[in-house]
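Student: The following block contains the structure, expressed as structure tokens.
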Amino acid sequence: DLDERVHFDDYRVVMLVDVPRLGAEAARELASYVSHGGGLLIAPGERSEAAFYNGWQLPDGQPVMPAELVQRVHVPDDADGIGPALDKCSHSAFTRVIANEEADLGTAVVSAYWQLKVDPSDAGVTTGALLDGGHPLLVERVASDGLVALSSISLDDNGNNLVTLNSFLPLVHE
């Protein structure tokens with residue numbers, strides 16, 4: 001549960017990496033932080049509970065999530081690997097990293113990801129990057145005065161090799 005000494009306002013961005021779920025108070029405080037201008041990056045993983053994230057709301061009743069977590073997809077071992085579709089990555093974090101001549105993002109291999117359902121009628125949501133095959137990789141939502149970014153892949157070594165690449169730290173930094 002939330003440590004009383006943690007104040008989200010002390011941070012520009014909070015990252016939830018394979019966090020199963022938050023307690024009720026932490027969820028409320030983090031949603032309030034976002035609605036008052038904070039940044040939130042959610043990178044669900046194997047342990048993440050879709051029901052929690054899909055039901056999580058901002059103080060105004062809008063969803064925190066820019067897309068619904070549908071199901072965790074495991075790419076079969078005998079299938080061709082998938083990775084970021086570099087030509088379909090328009091988000092500034094990706095374009096800045098891809099522009100670097102030494103970027104190795106094209107060698108990223110994804111073996112597990114969350115299938116995301118984006119509501120095309122939600123004007124506050126943008127898809128900034130896709131995986132090979134057209135599935136969303138990065139989706140953002142303007143949330144009151146804040147911003148929520150959702151990655152369909154985890155930012156650890158469970159389901160992808162991104163953390164082993166030289167491009168990983170610059171991408172997360174962006």
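By order of appearance in the structure tokens: chains A, B, ..., then residues from 1 within every chain, and ligands from 1 in the order shown.
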I want to know what sits within 8 Å of range 96-102 of chain A, based on only C-alpha atoms, with residues of the same chain fewer than 2 positions away left out; could you give that as a list in words?
Tutor: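 Close residues of range 96-102 of chain A: Leu86, Ser92, Ala93, Phe94, Asp104, Leu105, Ser167, Pro170, Leu171 and Glu174 of chain A.
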Student: Restricting the output to N, CA, C and O atoms, write the selected residues as a compact mmCIF listing (two decimals), in the first residue's frame.
Tutor:
```txt
# COMPACT_ATOMS: atom_id res chain seq x y z
N LEU A 86 8.68 0.69 -36.70
CA LEU A 86 9.37 1.98 -36.63
C LEU A 86 8.74 3.03 -37.53
O LEU A 86 8.72 4.21 -37.19
N SER A 92 6.79 11.56 -30.12
CA SER A 92 8.09 12.26 -30.09
C SER A 92 9.18 11.45 -29.39
O SER A 92 10.35 11.52 -29.78
N ALA A 93 8.83 10.67 -28.37
CA ALA A 93 9.85 9.86 -27.69
C ALA A 93 10.47 8.87 -28.67
O ALA A 93 11.69 8.69 -28.70
N PHE A 94 9.65 8.24 -29.49
CA PHE A 94 10.15 7.28 -30.47
C PHE A 94 10.90 7.97 -31.60
O PHE A 94 11.98 7.52 -32.00
N ASP A 104 19.17 1.25 -31.77
CA ASP A 104 18.99 -0.18 -32.05
C ASP A 104 17.55 -0.63 -31.77
O ASP A 104 17.28 -1.82 -31.60
N LEU A 105 16.62 0.32 -31.75
CA LEU A 105 15.23 0.01 -31.45
C LEU A 105 14.64 -0.98 -32.45
O LEU A 105 13.75 -1.77 -32.12
N SER A 167 19.00 1.70 -26.84
CA SER A 167 17.92 2.68 -27.01
C SER A 167 16.96 2.74 -25.82
O SER A 167 16.15 3.66 -25.74
N PRO A 170 17.37 6.05 -23.39
CA PRO A 170 16.90 7.27 -24.05
C PRO A 170 15.39 7.26 -24.29
O PRO A 170 14.74 8.29 -24.15
N LEU A 171 14.83 6.11 -24.63
CA LEU A 171 13.39 6.03 -24.88
C LEU A 171 12.59 6.31 -23.61
O LEU A 171 11.66 7.10 -23.62
N GLU A 174 12.79 9.99 -22.68
CA GLU A 174 11.92 10.84 -23.51
C GLU A 174 10.49 10.73 -23.06
O GLU A 174 9.71 11.63 -23.14
```
Student: Taking the DSSP secondary structure from the backbone, can you list the residues of chain A that are helix (DSSP H, G or I), as a ChimeraX atom specification?
Tutor: /A:8-10,24-35,50-55,86-88,92-99,105-107,162-164,168-173
Student: For Gly39 in chain A, which of A:Leu162, A:Leu58, A:Val13, A:Cys89 is the closest residue, counting only C-alpha atoms?
Tutor: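 Under the stated criterion, the closest residue is A:Val13.
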Student: Record the distance separating CA of His135 in chain A and CA of Gln57 in chain A, expressed in Å with one decimal.
Tutor: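 Between CA of His135 in chain A and CA of Gln57 in chain A the gap works out to 24.2 Å.
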Student: Using only C-alpha atoms, determine which residues lie at most 12 Å from Ser121 in chain A, disregarding the query and same-chain residues fewer than 5 positions distant; provide the list as a PyMOL selection string.
Tutor: chain A and resi 66-67+126
Student: Please produce a file of those selected residues containing N, CA, C and O atoms, as a PDB file, in the first residue's frame.
Tutor:
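Written output follows (result_33.pdb):
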```pdb
ATOM      1  N   PRO A  66      -5.866   5.314 -21.160  1.00  0.00           N
ATOM      2  CA  PRO A  66      -6.172   5.764 -22.517  1.00  0.00           C
ATOM      3  C   PRO A  66      -6.708   4.649 -23.413  1.00  0.00           C
ATOM      4  O   PRO A  66      -7.205   4.914 -24.496  1.00  0.00           O
ATOM      5  N   ALA A  67      -6.607   3.422 -22.954  1.00  0.00           N
ATOM      6  CA  ALA A  67      -7.113   2.265 -23.696  1.00  0.00           C
ATOM      7  C   ALA A  67      -7.425   1.161 -22.697  1.00  0.00           C
ATOM      8  O   ALA A  67      -6.896   1.136 -21.586  1.00  0.00           O
ATOM      9  N   THR A 126      -4.585   9.531 -28.165  1.00  0.00           N
ATOM     10  CA  THR A 126      -3.808   9.378 -29.392  1.00  0.00           C
ATOM     11  C   THR A 126      -2.959   8.113 -29.298  1.00  0.00           C
ATOM     12  O   THR A 126      -2.478   7.765 -28.221  1.00  0.00           O
TER      13      THR A 126
END
```
Student: Quick one: everything within 10 Å of Val142 in chain A, counting only C-alpha atoms, minus sequence neighbours fewer than 6 positions away in the same chain. Send it as a count of residues only.
Tutor: 13
Student: Might you pull out every residue within 10 Å of range 16-30 of chain A, with only C-alpha atoms counted and same-chain residues fewer than 6 positions away left off, and present them as number ranges by chain?
Tutor: A: 1-4, 6-9, 36, 38-53, 56-59, 64, 150-151, 153-156, 158
Student: Kindly indicate which residue among A:Asp60, A:Val109, A:Leu169, A:Gly55 lies nearest to Asp80 in chain A, using only C-alpha atoms for the distances.
Tutor: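 Ranked by minimum distance to Asp80 in chain A, first place goes to A:Val109.
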Student: What is the distance, in Å and to one decimal place, between CA of Val139 in chain A and CA of Ser152 in chain A?
Tutor: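 Computed distance, CA of Val139 in chain A to CA of Ser152 in chain A, equals 8.3 Å.
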Student: Calculated over only C-alpha atoms, which of the candidates A:Thr107, A:Thr95, A:Gln115, A:Ser32 has the smallest distance to Gly134 in chain A?
Tutor: A:Gln115
Student: From a DSSP pass on the backbone, collect the residues of range 58-141 of chain A flagged as strand (DSSP E) and hand them back as a tab-separated table (two decimals) with N, CA, C and O atoms, in the first residue's frame.
Tutor:
```
chain	number	residue	atom	x	y	z
A	68	GLU	N	-8.29	0.26	-23.10
A	68	GLU	CA	-8.66	-0.86	-22.24
A	68	GLU	C	-7.65	-2.00	-22.42
A	68	GLU	O	-7.22	-2.30	-23.53
A	69	LEU	N	-7.27	-2.61	-21.29
A	69	LEU	CA	-6.44	-3.82	-21.34
A	69	LEU	C	-7.37	-4.99	-21.66
A	69	LEU	O	-8.25	-5.32	-20.87
A	70	VAL	N	-7.19	-5.61	-22.83
A	70	VAL	CA	-8.07	-6.69	-23.26
A	70	VAL	C	-7.54	-8.03	-22.77
A	70	VAL	O	-8.20	-8.73	-22.00
A	71	GLN	N	-6.34	-8.39	-23.22
A	71	GLN	CA	-5.74	-9.65	-22.79
A	71	GLN	C	-4.24	-9.61	-23.05
A	71	GLN	O	-3.76	-8.88	-23.90
A	72	ARG	N	-3.52	-10.42	-22.30
A	72	ARG	CA	-2.08	-10.56	-22.48
A	72	ARG	C	-1.87	-11.55	-23.62
A	72	ARG	O	-2.40	-12.66	-23.59
A	73	VAL	N	-1.13	-11.15	-24.63
A	73	VAL	CA	-0.88	-11.97	-25.81
A	73	VAL	C	0.55	-12.49	-25.75
A	73	VAL	O	1.49	-11.71	-25.54
A	74	HIS	N	0.71	-13.79	-25.93
A	74	HIS	CA	2.03	-14.40	-26.01
A	74	HIS	C	2.28	-14.80	-27.45
A	74	HIS	O	1.51	-15.58	-28.03
A	112	ALA	N	5.64	-10.97	-25.70
A	112	ALA	CA	4.38	-10.86	-24.97
A	112	ALA	C	4.01	-9.38	-24.86
A	112	ALA	O	4.88	-8.53	-24.67
A	113	TYR	N	2.73	-9.09	-25.02
A	113	TYR	CA	2.24	-7.72	-24.92
A	113	TYR	C	0.77	-7.75	-24.53
A	113	TYR	O	0.11	-8.78	-24.60
A	114	TRP	N	0.27	-6.60	-24.11
A	114	TRP	CA	-1.15	-6.47	-23.81
A	114	TRP	C	-1.88	-6.00	-25.06
A	114	TRP	O	-1.48	-4.99	-25.67
A	115	GLN	N	-2.91	-6.72	-25.44
A	115	GLN	CA	-3.79	-6.25	-26.51
A	115	GLN	C	-4.59	-5.09	-25.92
A	115	GLN	O	-5.19	-5.23	-24.85
A	116	LEU	N	-4.56	-3.95	-26.59
A	116	LEU	CA	-5.24	-2.75	-26.11
A	116	LEU	C	-6.43	-2.43	-27.02
A	116	LEU	O	-6.34	-2.56	-28.24
A	117	LYS	N	-7.51	-1.98	-26.39
A	117	LYS	CA	-8.69	-1.55	-27.15
A	117	LYS	C	-8.80	-0.04	-26.99
A	117	LYS	O	-9.07	0.46	-25.90
A	125	VAL	N	-7.54	10.89	-26.78
A	125	VAL	CA	-6.62	9.76	-26.86
A	125	VAL	C	-5.90	9.75	-28.21
A	125	VAL	O	-6.52	9.97	-29.25
A	126	THR	N	-4.58	9.53	-28.16
A	126	THR	CA	-3.81	9.38	-29.39
A	126	THR	C	-2.96	8.11	-29.30
A	126	THR	O	-2.48	7.76	-28.22
A	127	THR	N	-2.80	7.45	-30.44
A	127	THR	CA	-1.91	6.29	-30.53
A	127	THR	C	-0.62	6.78	-31.15
A	127	THR	O	-0.61	7.23	-32.29
A	128	GLY	N	0.47	6.69	-30.38
A	128	GLY	CA	1.74	7.25	-30.82
A	128	GLY	C	2.73	6.25	-31.37
A	128	GLY	O	3.75	6.64	-31.93
A	129	ALA	N	2.43	4.95	-31.22
A	129	ALA	CA	3.35	3.93	-31.74
A	129	ALA	C	2.58	2.62	-31.87
A	129	ALA	O	1.68	2.33	-31.08
A	130	LEU	N	2.98	1.85	-32.89
A	130	LEU	CA	2.37	0.55	-33.14
A	130	LEU	C	3.43	-0.53	-33.14
A	130	LEU	O	4.61	-0.28	-33.41
A	136	PRO	N	-1.54	-1.50	-31.02
A	136	PRO	CA	-0.97	-0.32	-30.34
A	136	PRO	C	0.18	-0.70	-29.42
A	136	PRO	O	0.13	-1.68	-28.69
A	137	LEU	N	1.22	0.11	-29.47
A	137	LEU	CA	2.37	-0.03	-28.58
A	137	LEU	C	2.35	1.07	-27.52
A	137	LEU	O	2.61	0.81	-26.35
A	138	LEU	N	2.00	2.30	-27.91
A	138	LEU	CA	1.95	3.41	-26.97
A	138	LEU	C	0.71	4.25	-27.27
A	138	LEU	O	0.51	4.69	-28.40
A	139	VAL	N	-0.11	4.44	-26.23
A	139	VAL	CA	-1.33	5.22	-26.34
A	139	VAL	C	-1.32	6.25	-25.22
A	139	VAL	O	-0.90	5.95	-24.10
A	140	GLU	N	-1.76	7.48	-25.53
A	140	GLU	CA	-1.78	8.55	-24.54
A	140	GLU	C	-3.18	9.13	-24.38
A	140	GLU	O	-3.96	9.13	-25.32
A	141	ARG	N	-3.44	9.63	-23.18
A	141	ARG	CA	-4.69	10.33	-22.89
A	141	ARG	C	-4.37	11.63	-22.16
A	141	ARG	O	-3.59	11.64	-21.21
```
Student: Which residues come within 7 Å of Val110 in chain A, counting only C-alpha atoms, excluding same-chain residues fewer than 5 positions away, as an MDAnalysis selection string?
Tutor: chainID A and resid 81:83 159:161
Student: Save the residues we just selected, N, CA, C and O atoms, as a short mmCIF file (atom, residue, chain, number, x, y, z; two decimals), in the first residue's frame?
Tutor:
```cif
data_model
loop_
_atom_site.label_atom_id
_atom_site.label_comp_id
_atom_site.auth_asym_id
_atom_site.auth_seq_id
_atom_site.Cartn_x
_atom_site.Cartn_y
_atom_site.Cartn_z
N GLY A 81 9.30 -13.03 -34.98
CA GLY A 81 9.23 -12.08 -33.88
C GLY A 81 8.57 -10.79 -34.31
O GLY A 81 8.58 -10.42 -35.48
N ILE A 82 7.96 -10.12 -33.35
CA ILE A 82 7.40 -8.80 -33.65
C ILE A 82 8.16 -7.77 -32.83
O ILE A 82 8.79 -8.09 -31.82
N GLY A 83 8.08 -6.56 -33.26
CA GLY A 83 8.74 -5.47 -32.57
C GLY A 83 8.03 -4.18 -32.89
O GLY A 83 6.96 -4.18 -33.51
N GLY A 159 8.86 -10.55 -21.51
CA GLY A 159 8.07 -10.43 -22.72
C GLY A 159 8.71 -9.60 -23.82
O GLY A 159 8.12 -9.43 -24.88
N ASN A 160 9.91 -9.10 -23.58
CA ASN A 160 10.62 -8.35 -24.62
C ASN A 160 12.08 -8.18 -24.22
O ASN A 160 12.45 -8.42 -23.08
N ASN A 161 12.88 -7.77 -25.19
CA ASN A 161 14.31 -7.56 -24.91
C ASN A 161 14.68 -6.07 -24.85
O ASN A 161 15.84 -5.71 -24.91
#
```
